[in-house]
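Here is my_file-v5.txt, consisting of compact mmCIF, C-alpha atoms:
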# COMPACT_ATOMS: atom_id res chain seq x y z
CA MET A 14 49.24 82.72 166.12
CA THR A 15 52.49 83.15 168.02
CA PRO A 16 52.67 81.54 171.47
CA GLY A 17 52.00 85.08 172.74
CA GLY A 18 48.64 85.02 170.97
CA VAL A 19 49.41 87.32 168.02
CA ALA A 20 48.62 86.11 164.49
CA LEU A 21 51.43 86.53 161.96
CA ALA A 22 50.10 86.77 158.40
CA GLY A 23 47.04 84.78 159.52
CA HIS A 24 49.03 81.60 160.24
CA ASP A 25 48.19 79.32 163.15
CA ALA A 26 50.50 78.58 166.11
CA ALA A 27 51.57 75.16 164.78
CA TYR A 28 52.69 76.64 161.46
CA LEU A 29 54.63 79.44 163.15
CA ARG A 30 56.23 76.98 165.58
CA ALA A 31 57.38 74.89 162.60
CA VAL A 32 58.84 78.00 160.94
CA TRP A 33 60.65 78.88 164.18
CA LEU A 34 62.01 75.31 164.46
CA VAL A 35 63.33 75.39 160.89
CA ALA A 36 64.89 78.82 161.47
CA SER A 37 66.44 77.65 164.75
CA ALA A 38 67.84 74.55 163.05
CA LEU A 39 69.45 76.81 160.44
CA GLY A 40 70.88 78.97 163.20
CA LEU A 41 72.33 75.97 165.05
CA ALA A 42 73.82 74.64 161.79
CA LEU A 43 75.40 78.05 161.24
CA ILE A 44 76.87 78.05 164.75
CA LEU A 45 78.37 74.59 164.13
CA ALA A 46 79.75 75.68 160.74
CA LEU A 47 81.27 78.81 162.28
CA GLY A 48 82.84 76.66 164.98
CA VAL A 49 84.50 74.47 162.33
CA ILE A 50 85.66 77.55 160.36
CA TYR A 51 87.06 79.04 163.58
CA ARG A 52 89.08 75.90 164.32
CA ARG A 53 90.47 75.83 160.78
CA ALA A 54 91.35 79.53 160.95
CA ARG A 55 93.14 78.94 164.26
CA GLY A 56 95.19 76.14 162.69
CA ARG A 57 96.04 78.35 159.70
CA ARG A 58 97.06 81.22 161.98
CA GLU A 59 99.41 78.95 163.93
CA LEU A 60 101.02 77.95 160.62
CA GLU A 61 101.31 81.62 159.59
CA GLU A 62 102.94 82.48 162.91
CA ALA A 63 105.39 79.57 162.59
CA GLU A 64 106.26 80.66 159.03
CA ALA A 65 106.81 84.23 160.24
CA VAL A 66 109.16 83.02 162.99
CA LEU A 67 111.08 80.88 160.46
CA ALA A 68 111.28 83.79 158.00
CA ALA A 69 112.60 86.09 160.73
CA HIS A 70 115.14 83.44 161.76
CA ASP A 71 116.28 83.01 158.12
CA ALA A 72 116.61 86.78 157.73
CA ASP A 73 118.76 86.95 160.88
CA ASP A 74 121.00 84.12 159.61
CA HIS A 75 121.32 85.90 156.26
CA ARG A 76 122.39 89.15 157.97
CA ALA A 77 124.85 87.37 160.29
CA ALA A 78 126.59 85.58 157.38
CA PRO A 79 129.69 87.45 155.99
CA MET B 29 87.04 95.15 172.75
CA THR B 30 90.14 96.78 171.26
CA LEU B 31 88.86 96.14 167.76
CA THR B 32 85.39 97.44 168.61
CA CYS B 33 86.63 100.60 170.33
CA ARG B 34 89.76 101.50 168.37
CA GLY B 35 88.89 100.00 165.00
CA GLU B 36 92.23 98.32 164.23
CA LEU B 37 94.63 96.04 166.03
CA GLU B 38 98.33 96.75 166.42
CA PRO B 39 99.94 94.87 164.63
CA PRO B 40 97.11 94.23 162.08
CA ALA B 41 95.64 90.73 162.15
CA THR B 42 96.40 88.25 159.36
CA PRO B 43 93.40 87.11 157.22
CA SER B 44 92.95 84.00 159.33
CA GLY B 45 93.36 86.08 162.50
CA GLN B 46 90.71 88.50 161.24
CA LEU B 47 88.36 85.60 160.51
CA MET B 48 88.91 84.32 164.04
CA LEU B 49 88.17 87.78 165.43
CA THR B 50 84.98 88.03 163.37
CA ILE B 51 83.67 84.66 164.56
CA GLY B 52 84.88 85.30 168.11
CA ALA B 53 83.09 88.66 168.22
CA LEU B 54 79.91 87.03 166.94
CA PHE B 55 80.05 84.21 169.49
CA CYS B 56 80.78 86.62 172.35
CA GLY B 57 77.86 88.75 171.16
CA LEU B 58 75.56 85.71 171.24
CA VAL B 59 76.62 84.90 174.81
CA LEU B 60 76.06 88.52 175.88
CA SER B 61 72.61 88.58 174.27
CA ALA B 62 71.78 85.35 176.14
CA LEU B 63 72.50 87.25 179.38
CA TRP B 64 69.97 89.91 178.35
CA GLY B 65 67.49 87.12 177.56
CA LEU B 66 68.02 85.73 181.04
CA GLY B 67 67.24 89.14 182.55
CA ALA B 68 64.33 89.99 180.24
CA GLY B 69 62.64 86.63 180.78
CA SER B 70 63.30 86.47 184.50
CA ALA B 71 59.58 86.81 185.28
CA SER B 72 59.42 83.01 185.03
CA ALA B 73 62.11 80.33 184.99
CA ALA B 74 60.71 78.74 181.80
CA LEU B 75 60.70 82.05 179.92
CA ALA B 76 64.22 82.92 181.15
CA LEU B 77 65.57 79.57 179.97
CA SER B 78 63.83 79.79 176.60
CA ASP B 79 65.10 83.37 176.15
CA VAL B 80 68.69 82.19 176.70
CA PHE B 81 68.20 80.31 173.42
CA LYS B 82 65.72 82.62 171.65
CA VAL B 83 67.49 86.00 171.94
CA PRO B 84 70.89 84.88 170.54
CA MET B 85 69.07 82.92 167.83
CA VAL B 86 67.00 85.98 166.83
CA ILE B 87 70.17 88.08 166.56
CA LEU B 88 72.07 85.39 164.65
CA LEU B 89 69.22 84.76 162.21
CA SER B 90 68.72 88.50 161.62
CA ALA B 91 72.43 88.85 160.84
CA LEU B 92 72.28 85.80 158.56
CA THR B 93 69.27 87.29 156.74
CA ALA B 94 70.84 90.73 156.29
CA LEU B 95 74.48 89.84 155.48
CA PRO B 96 74.07 88.36 151.97
CA ALA B 97 72.19 91.47 150.79
CA GLY B 98 74.88 93.73 152.30
CA VAL B 99 77.67 91.79 150.59
CA VAL B 100 75.83 91.74 147.24
CA ALA B 101 75.20 95.50 147.54
CA LEU B 102 78.90 95.99 148.30
CA LYS B 103 79.86 94.08 145.14
CA LEU B 104 77.24 95.77 142.94
CA ALA B 105 78.31 99.21 144.16
CA ASN B 106 81.89 98.27 143.22
CA ALA B 107 83.04 99.43 146.63
CA LYS B 108 86.72 99.37 147.56
CA LEU B 109 85.94 97.96 151.01
CA PRO B 110 86.50 94.18 150.95
CA ALA B 111 83.51 92.03 151.95
CA SER B 112 85.54 90.39 154.73
CA GLU B 113 86.13 93.80 156.33
CA LEU B 114 82.42 94.68 156.06
CA VAL B 115 81.54 91.40 157.79
CA ASN B 116 84.23 91.99 160.41
CA ALA B 117 82.90 95.50 161.13
CA PHE B 118 79.36 94.11 161.32
CA ALA B 119 80.36 91.34 163.77
CA THR B 120 82.29 93.71 166.05
CA SER B 121 79.41 96.20 166.07
CA LEU B 122 77.01 93.36 166.95
CA PHE B 123 79.36 92.58 169.82
CA GLY B 124 79.22 96.23 170.94
CA GLY B 125 75.42 96.30 170.75
CA THR B 126 75.00 93.07 172.69
CA LEU B 127 77.51 94.32 175.26
CA VAL B 128 75.12 97.22 175.88
CA LEU B 129 72.22 94.73 176.14
CA ALA B 130 74.11 92.61 178.69
CA THR B 131 75.09 95.71 180.68
CA LEU B 132 71.44 96.77 180.93
CA ALA B 133 70.16 93.23 181.67
CA PRO B 134 70.34 93.51 185.49
CA LEU B 135 68.43 96.81 185.38
CA VAL B 136 65.78 95.27 183.12
CA ALA B 137 65.48 92.28 185.46
CA ILE B 138 65.13 94.31 188.66
CA TYR B 139 62.51 96.62 187.10
CA TYR B 140 60.48 93.62 185.90
CA HIS B 141 60.20 92.43 189.46
CA THR B 142 59.68 95.78 191.14
CA SER B 143 57.82 98.06 188.72
CA ALA B 144 54.66 97.36 186.75
CA ARG B 145 55.03 100.61 184.80
CA ALA B 146 58.72 100.69 183.88
CA GLY B 147 59.60 97.00 183.31
CA VAL B 148 58.46 96.57 179.70
CA PRO B 149 59.40 100.09 178.48
CA LEU B 150 62.84 99.63 179.99
CA ALA B 151 63.31 96.27 178.22
CA LEU B 152 62.25 97.77 174.88
CA GLY B 153 64.35 100.87 175.55
CA SER B 154 67.45 98.77 176.21
CA VAL B 155 66.97 97.06 172.84
CA PHE B 156 66.72 100.41 171.05
CA VAL B 157 69.79 101.75 172.86
CA ALA B 158 71.70 98.62 171.83
CA LEU B 159 70.52 98.95 168.21
CA VAL B 160 71.57 102.60 168.02
CA THR B 161 74.93 101.78 169.65
CA ALA B 162 75.57 98.92 167.23
CA THR B 163 74.64 101.13 164.24
CA LEU B 164 77.00 103.91 165.39
CA LEU B 165 79.81 101.42 166.04
CA PHE B 166 79.25 99.87 162.61
CA ALA B 167 79.37 103.26 160.89
CA ARG B 168 82.53 104.19 162.81
CA ALA B 169 84.24 100.87 162.05
CA VAL B 170 83.45 101.13 158.31
CA LYS B 171 84.63 104.78 158.26
CA ARG B 172 87.95 103.73 159.82
CA LYS B 173 88.36 100.83 157.43
CA LEU B 174 87.57 103.11 154.48
CA GLY B 175 90.47 105.33 155.52
CA ALA B 176 92.82 102.56 154.41
CA HIS B 177 91.15 102.15 150.99
CA ALA B 178 91.11 104.73 148.22
CA GLY B 179 87.93 105.24 146.20
CA PRO B 180 84.43 106.73 146.49
CA ARG B 181 83.04 106.41 150.03
CA LEU B 182 79.38 106.44 148.95
CA ALA B 183 79.85 103.04 147.29
CA SER B 184 80.73 101.59 150.70
CA ILE B 185 78.18 103.57 152.73
CA VAL B 186 75.17 102.36 150.70
CA PRO B 187 75.77 98.66 151.59
CA VAL B 188 76.15 99.69 155.24
CA ALA B 189 72.75 101.43 155.17
CA ILE B 190 71.20 98.42 153.41
CA LEU B 191 72.72 96.05 155.96
CA VAL B 192 71.46 98.04 158.96
CA THR B 193 67.98 98.44 157.45
CA LEU B 194 67.65 94.76 156.56
CA PHE B 195 69.00 93.66 159.94
CA SER B 196 66.38 95.81 161.71
CA ALA B 197 63.61 94.57 159.39
CA ALA B 198 64.59 90.93 159.92
CA LEU B 199 64.96 91.45 163.68
CA LEU B 200 61.38 92.76 163.86
CA GLN B 201 59.95 89.62 162.24
CA TYR B 202 62.18 87.13 164.09
CA VAL B 203 61.21 88.78 167.39
CA ALA B 204 57.55 88.29 166.45
CA LEU B 205 58.22 84.67 165.47
CA ALA B 206 60.06 83.94 168.73
CA SER B 207 57.45 85.81 170.81
CA PRO B 208 57.02 85.84 173.79
CA ILE B 209 60.52 87.05 174.68
CA ILE B 210 59.33 89.44 177.37
CA PRO B 211 56.34 88.59 179.58
CA ALA B 212 53.98 91.12 177.99
CA ASP B 213 52.44 91.84 174.59
CA THR B 214 54.13 94.80 172.93
CA ALA B 215 53.72 96.61 169.63
CA PHE B 216 56.48 94.33 168.28
CA SER B 217 54.87 91.02 169.24
CA GLY B 218 53.05 90.86 165.90
CA GLY B 219 55.91 92.05 163.70
CA LEU B 220 55.50 94.71 161.06
CA ASP B 221 51.71 94.15 160.89
CA THR B 222 51.22 95.47 164.43
CA VAL B 223 53.93 98.14 164.24
CA LEU B 224 52.32 99.60 161.10
CA PRO B 225 48.60 98.66 161.33
CA GLN B 226 46.45 99.25 158.24

Rewrite the structure of this file - the entire thing - as structure tokens.
Amino acid sequence: MTPGGVALAGHDAAYLRAVWLVASALGLALILALGVIYRRARGRRELEEAEAVLAAHDADDHRAAP
Amino acid sequence: MTLTCRGELEPPATPSGQLMLTIGALFCGLVLSALWGLGAGSASAALALSDVFKVPMVILLSALTALPAGVVALKLANAKLPASELVNAFATSLFGGTLVLATLAPLVAIYYHTSARAGVPLALGSVFVALVTATLLFARAVKRKLGAHAGPRLASIVPVAILVTLFSAALLQYVALASPIIPADTAFSGGLDTVLPQ
């Protein structure tokens, strides 16, 4: 039974609550993992931007040289 | 918003920038869906607070359930659309759908408190409107992304259809598992078994 009183596949409320807790734990773990991936991606993007600035600077120097 | 509405950014994002956009769109979508949960559960403080957690979790878990099948279908169909772009389109369309949910949340909340007849249908209706919006946005985003890749379009459209179908199917069961989300029993409170009774 769900807390709303509806049986899902004949399981009782305790069983369904346990399933929901496991699913929620997976969801929270995913949110944490995505947070870590986001931070790493942000660091990588800063590096990419710095490399692009350096490459543009090098190209300008190359053009300015006789 | 620019990515959701116009499809591409100018200049195009780097791979790490695109990953950030995908995760950012998903997180924003979760926050927006929490706002809908707050409105839909506003009949009682306990339900509203639990819905702030339940609704984003239901959406996240449904996406998590559907995505692997969509990516596998994309690979098996030998589609030209990269998996990262499919996931990006999916995340931005989820953001669009949850934006619709959050926009309708105040209306859902006020009808819960002032109308016995329209409160529940309006809550369910807002979910369907959001689902249809997200599906249309997803189709449009994939169509735009396909414009940049040569190759048969059907191979990329099949995984999209699979992804939308599986997301809806998973959403139905997670909603039943997290029930009650709204303060009334609906046809969706028991999952597929009550939607399609024997």

(request) Go through A:Val66, A:Ala27, A:Leu21, A:Ala46 one by one, measure the shortest atom-to-atom distance of each to chain B using only C-alpha atoms, and give the residue with the smallest value. (result) A:Leu21

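The residue that comes closest to Phe123 (chain B), out of B:Ala212, B:Ala144, B:Leu75, B:Leu58 and on the basis of only C-alpha atoms, is B:Leu58.
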
(message) Quick check, in Å to one decimal: how far apart do CA of Ala54 (chain A) and CA of Ser44 (chain B) lie?
(response) 5.0 Å

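CA of Glu62 (chain A) lies 27.1 Å from CA of Gly57 (chain B).
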
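Straight-line separation from CA of Val186 (chain B) to CA of Ile44 (chain A): 28.1 Å.
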
(message) Tell me as a list in words which residues belonging to chain B come within 6 Å of chain A, counting only C-alpha atoms.
(response) Ser44, Met48, Ser207, Pro208 and Gly218 of chain B

(request) Would you kindly return, as a list of chain:residue names, each protein, DNA or RNA residue with an atom no farther than 7 Å from any atom of Leu220 (chain B), considering only C-alpha atoms and excluding same-chain residues fewer than 2 positions away? (result) B:Leu200, B:Gln201, B:Gly218, B:Thr222, B:Val223, B:Leu224

Serialized selection, C-alpha atoms, as a PDB file, in the coordinates of the input:
ATOM      1  CA  LEU B 200      61.380  92.760 163.860  1.00  0.00           C
ATOM      2  CA  GLN B 201      59.950  89.620 162.240  1.00  0.00           C
ATOM      3  CA  GLY B 218      53.050  90.860 165.900  1.00  0.00           C
ATOM      4  CA  THR B 222      51.220  95.470 164.430  1.00  0.00           C
ATOM      5  CA  VAL B 223      53.930  98.140 164.240  1.00  0.00           C
ATOM      6  CA  LEU B 224      52.320  99.600 161.100  1.00  0.00           C
TER       7      LEU B 224
END

(request) Can you pull out every residue within 10 Å of region 90-99 of chain B, counting only C-alpha atoms, but drop anything in the same chain fewer than 6 positions away, and send it as JSON, numbers by chain? (result) {"A": [39, 40, 43], "B": [54, 84, 105, 110, 111, 112, 114, 115, 118, 119, 122, 184, 186, 187, 188, 189, 190, 191, 192, 193, 194, 195, 196, 197, 198, 199, 200, 201, 202, 203]}
